[in-house]
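Each remark here refers to the structure printed beneath this line.
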Amino acid sequence: MNITEISNRKKRHFHIRKTISGTAKRPRLSVFVSNLEVYVQIIDDKTGHTLASASSLLSEVTGKTGIEKARNLGEFIAKRAQEKGVTKVVFDRGGYAYHGRVQAIAEGARSGGLEF
């Protein structure tokens, strides 16, 4: 990615974050996608605490392709969230387009039991 693409994504993310905020009842499921890996966090923005986090680097998250890993990551973060008592979240795609790995995370989290 070149500088323009990164800055454009950051602008989109800024505009998204103006409207999306996580609370204790409904925390924010934040997604970050790098070239190789995917990272997710469940964040309570009111207190500034990360309630749960996971990445495709974990040994529990397996898959042959990036999409398979992302789907398994979504299911894994849903399991971790439910252990913390979180069932409803607000999905923050981080300025990325809703397709590919980002969409797979959302679908995996939904199938894992999270509502958004």
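Each chain of the structure tokens is named A, B, ... in the order shown, its residues numbered from 1; ligands are numbered from 1 in display order.
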
>> Give me, as an NGL selection string, all polymer residues having an atom no more than 12 Å from A:Ile6, counting only C-alpha atoms and skipping those fewer than 3 positions away in the same chain.
In response: :A and (1-3 or 9-13 or 33-34 or 94-96)

>> To test your reading of the structure, identify every residue in stretch 16-114 of chain A that backbone DSSP assigns to helix (DSSP H, G or I), and report it as a PyMOL selection string.
In response: chain A and resi 16-19+66-83+101-112

Counting only C-alpha atoms, what are the residues of stretch 5-38 of chain A within 12 Å of stretch 53-69 of chain A, and for each of them which pair of atoms is the nearest and at what distance in Å, to one decimal? Sort the table by chain and rising number, as JSON lines.
{"residue": "A:Arg28", "atom": "CA", "partner": "A:Ser53", "partner_atom": "CA", "distance": 11.4}
{"residue": "A:Leu29", "atom": "CA", "partner": "A:Ser53", "partner_atom": "CA", "distance": 9.3}
{"residue": "A:Ser30", "atom": "CA", "partner": "A:Ser53", "partner_atom": "CA", "distance": 9.3}
{"residue": "A:Val31", "atom": "CA", "partner": "A:Ser55", "partner_atom": "CA", "distance": 9.7}
{"residue": "A:Phe32", "atom": "CA", "partner": "A:Ser55", "partner_atom": "CA", "distance": 9.3}
{"residue": "A:Val33", "atom": "CA", "partner": "A:Ser55", "partner_atom": "CA", "distance": 9.8}
{"residue": "A:Ser34", "atom": "CA", "partner": "A:Ser56", "partner_atom": "CA", "distance": 10.6}
{"residue": "A:Asn35", "atom": "CA", "partner": "A:Gly66", "partner_atom": "CA", "distance": 10.0}
{"residue": "A:Leu36", "atom": "CA", "partner": "A:Gly66", "partner_atom": "CA", "distance": 8.0}
{"residue": "A:Glu37", "atom": "CA", "partner": "A:Ser56", "partner_atom": "CA", "distance": 5.7}
{"residue": "A:Val38", "atom": "CA", "partner": "A:Ser56", "partner_atom": "CA", "distance": 5.5}

Save out the residues we just selected, N, CA and C atoms, as a PDB file, in the first residue's frame.
ATOM      1  N   ARG A  28     -17.211  -2.229  21.273  1.00  0.00           N
ATOM      2  CA  ARG A  28     -16.852  -2.126  19.851  1.00  0.00           C
ATOM      3  C   ARG A  28     -15.937  -3.282  19.471  1.00  0.00           C
ATOM      4  N   LEU A  29     -16.269  -3.963  18.375  1.00  0.00           N
ATOM      5  CA  LEU A  29     -15.421  -5.011  17.809  1.00  0.00           C
ATOM      6  C   LEU A  29     -14.591  -4.360  16.716  1.00  0.00           C
ATOM      7  N   SER A  30     -13.325  -4.084  17.023  1.00  0.00           N
ATOM      8  CA  SER A  30     -12.441  -3.364  16.122  1.00  0.00           C
ATOM      9  C   SER A  30     -11.578  -4.346  15.331  1.00  0.00           C
ATOM     10  N   VAL A  31     -11.428  -4.082  14.033  1.00  0.00           N
ATOM     11  CA  VAL A  31     -10.667  -4.955  13.139  1.00  0.00           C
ATOM     12  C   VAL A  31      -9.494  -4.191  12.557  1.00  0.00           C
ATOM     13  N   PHE A  32      -8.322  -4.824  12.556  1.00  0.00           N
ATOM     14  CA  PHE A  32      -7.158  -4.289  11.848  1.00  0.00           C
ATOM     15  C   PHE A  32      -6.621  -5.390  10.952  1.00  0.00           C
ATOM     16  N   VAL A  33      -6.401  -5.054   9.676  1.00  0.00           N
ATOM     17  CA  VAL A  33      -5.931  -6.012   8.695  1.00  0.00           C
ATOM     18  C   VAL A  33      -4.577  -5.557   8.180  1.00  0.00           C
ATOM     19  N   SER A  34      -3.562  -6.409   8.342  1.00  0.00           N
ATOM     20  CA  SER A  34      -2.268  -6.128   7.742  1.00  0.00           C
ATOM     21  C   SER A  34      -2.143  -6.982   6.482  1.00  0.00           C
ATOM     22  N   ASN A  35      -0.998  -6.939   5.838  1.00  0.00           N
ATOM     23  CA  ASN A  35      -0.818  -7.733   4.632  1.00  0.00           C
ATOM     24  C   ASN A  35      -0.922  -9.233   4.903  1.00  0.00           C
ATOM     25  N   LEU A  36      -0.424  -9.679   6.040  1.00  0.00           N
ATOM     26  CA  LEU A  36      -0.394 -11.104   6.341  1.00  0.00           C
ATOM     27  C   LEU A  36      -1.366 -11.536   7.421  1.00  0.00           C
ATOM     28  N   GLU A  37      -1.618 -10.709   8.403  1.00  0.00           N
ATOM     29  CA  GLU A  37      -2.385 -11.120   9.572  1.00  0.00           C
ATOM     30  C   GLU A  37      -3.608 -10.230   9.779  1.00  0.00           C
ATOM     31  N   VAL A  38      -4.475 -10.688  10.684  1.00  0.00           N
ATOM     32  CA  VAL A  38      -5.684  -9.958  11.048  1.00  0.00           C
ATOM     33  C   VAL A  38      -5.746  -9.908  12.574  1.00  0.00           C
TER      34      VAL A  38
END

>> From the options A:Lys46, A:Arg101, A:Arg26, A:His15, which residue's atoms come nearest to A:Ala70, counting only C-alpha atoms?
In response: A:Arg101

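One distance worth recording is that between atom CA of A:Glu115 and atom CA of A:Asp45, which is 18.1 Å.
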
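The interatomic distance for the pair atom CA of A:Gly112 and atom CA of A:Gln41 works out to 15.3 Å.
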
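Of the residues under consideration (A:Gly48, A:Tyr98, A:Ile42, A:Thr23), A:Ile42 shows the shortest atom-to-atom contact distance to A:Ile77 when counting only C-alpha atoms.
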
Among chain A, which ones does DSSP place in strand (DSSP E), written as a PDB file with C-alpha atoms, in the first residue's frame?
ATOM      1  CA  ARG A  28     -16.852  -2.126  19.851  1.00  0.00           C
ATOM      2  CA  LEU A  29     -15.421  -5.011  17.809  1.00  0.00           C
ATOM      3  CA  SER A  30     -12.441  -3.364  16.122  1.00  0.00           C
ATOM      4  CA  VAL A  31     -10.667  -4.955  13.139  1.00  0.00           C
ATOM      5  CA  PHE A  32      -7.158  -4.289  11.848  1.00  0.00           C
ATOM      6  CA  VAL A  33      -5.931  -6.012   8.695  1.00  0.00           C
ATOM      7  CA  VAL A  38      -5.684  -9.958  11.048  1.00  0.00           C
ATOM      8  CA  TYR A  39      -6.182  -8.552  14.551  1.00  0.00           C
ATOM      9  CA  VAL A  40      -9.442  -7.984  16.445  1.00  0.00           C
ATOM     10  CA  GLN A  41     -10.245  -6.361  19.774  1.00  0.00           C
ATOM     11  CA  ILE A  42     -13.401  -5.888  21.792  1.00  0.00           C
ATOM     12  CA  ILE A  43     -13.148  -2.440  23.363  1.00  0.00           C
ATOM     13  CA  ASP A  44     -15.212  -0.511  25.908  1.00  0.00           C
ATOM     14  CA  HIS A  49     -10.385  -0.963  28.321  1.00  0.00           C
ATOM     15  CA  THR A  50      -9.846  -3.841  25.926  1.00  0.00           C
ATOM     16  CA  LEU A  51     -12.142  -6.638  27.058  1.00  0.00           C
ATOM     17  CA  ALA A  52     -10.854  -9.327  24.683  1.00  0.00           C
ATOM     18  CA  SER A  53      -8.416  -9.564  21.823  1.00  0.00           C
ATOM     19  CA  ALA A  54      -7.200 -12.132  19.319  1.00  0.00           C
ATOM     20  CA  SER A  55      -5.207 -12.371  16.125  1.00  0.00           C
ATOM     21  CA  VAL A  90     -20.804  -2.722  17.459  1.00  0.00           C
ATOM     22  CA  PHE A  91     -18.746  -3.732  14.411  1.00  0.00           C
ATOM     23  CA  ASP A  92     -15.908  -1.334  13.490  1.00  0.00           C
TER      24      ASP A  92
END

> Closest to A:Phe76 among A:Val89, A:Ala109, A:Ala24, A:Ala104, using only C-alpha atoms?
Replying inline: A:Ala109

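The shortest atom-to-atom distance to A:Gln103, with only C-alpha atoms taken into account, belongs to A:Gly74 out of A:Gly74, A:Asn8, A:Ser21, A:Lys84.
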
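When only C-alpha atoms are used to measure the gap to A:Ile105, the shortest distance among A:Glu5, A:Arg71, A:Lys88, A:Lys79 belongs to A:Arg71.
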
> Taking only C-alpha atoms into account, which of A:Thr87, A:Thr19, A:Gln82, A:Leu73 comes nearest A:Glu107?
Replying inline: A:Leu73

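Atom CA of A:Ser111 is found 8.5 Å from atom CA of A:Ala78.
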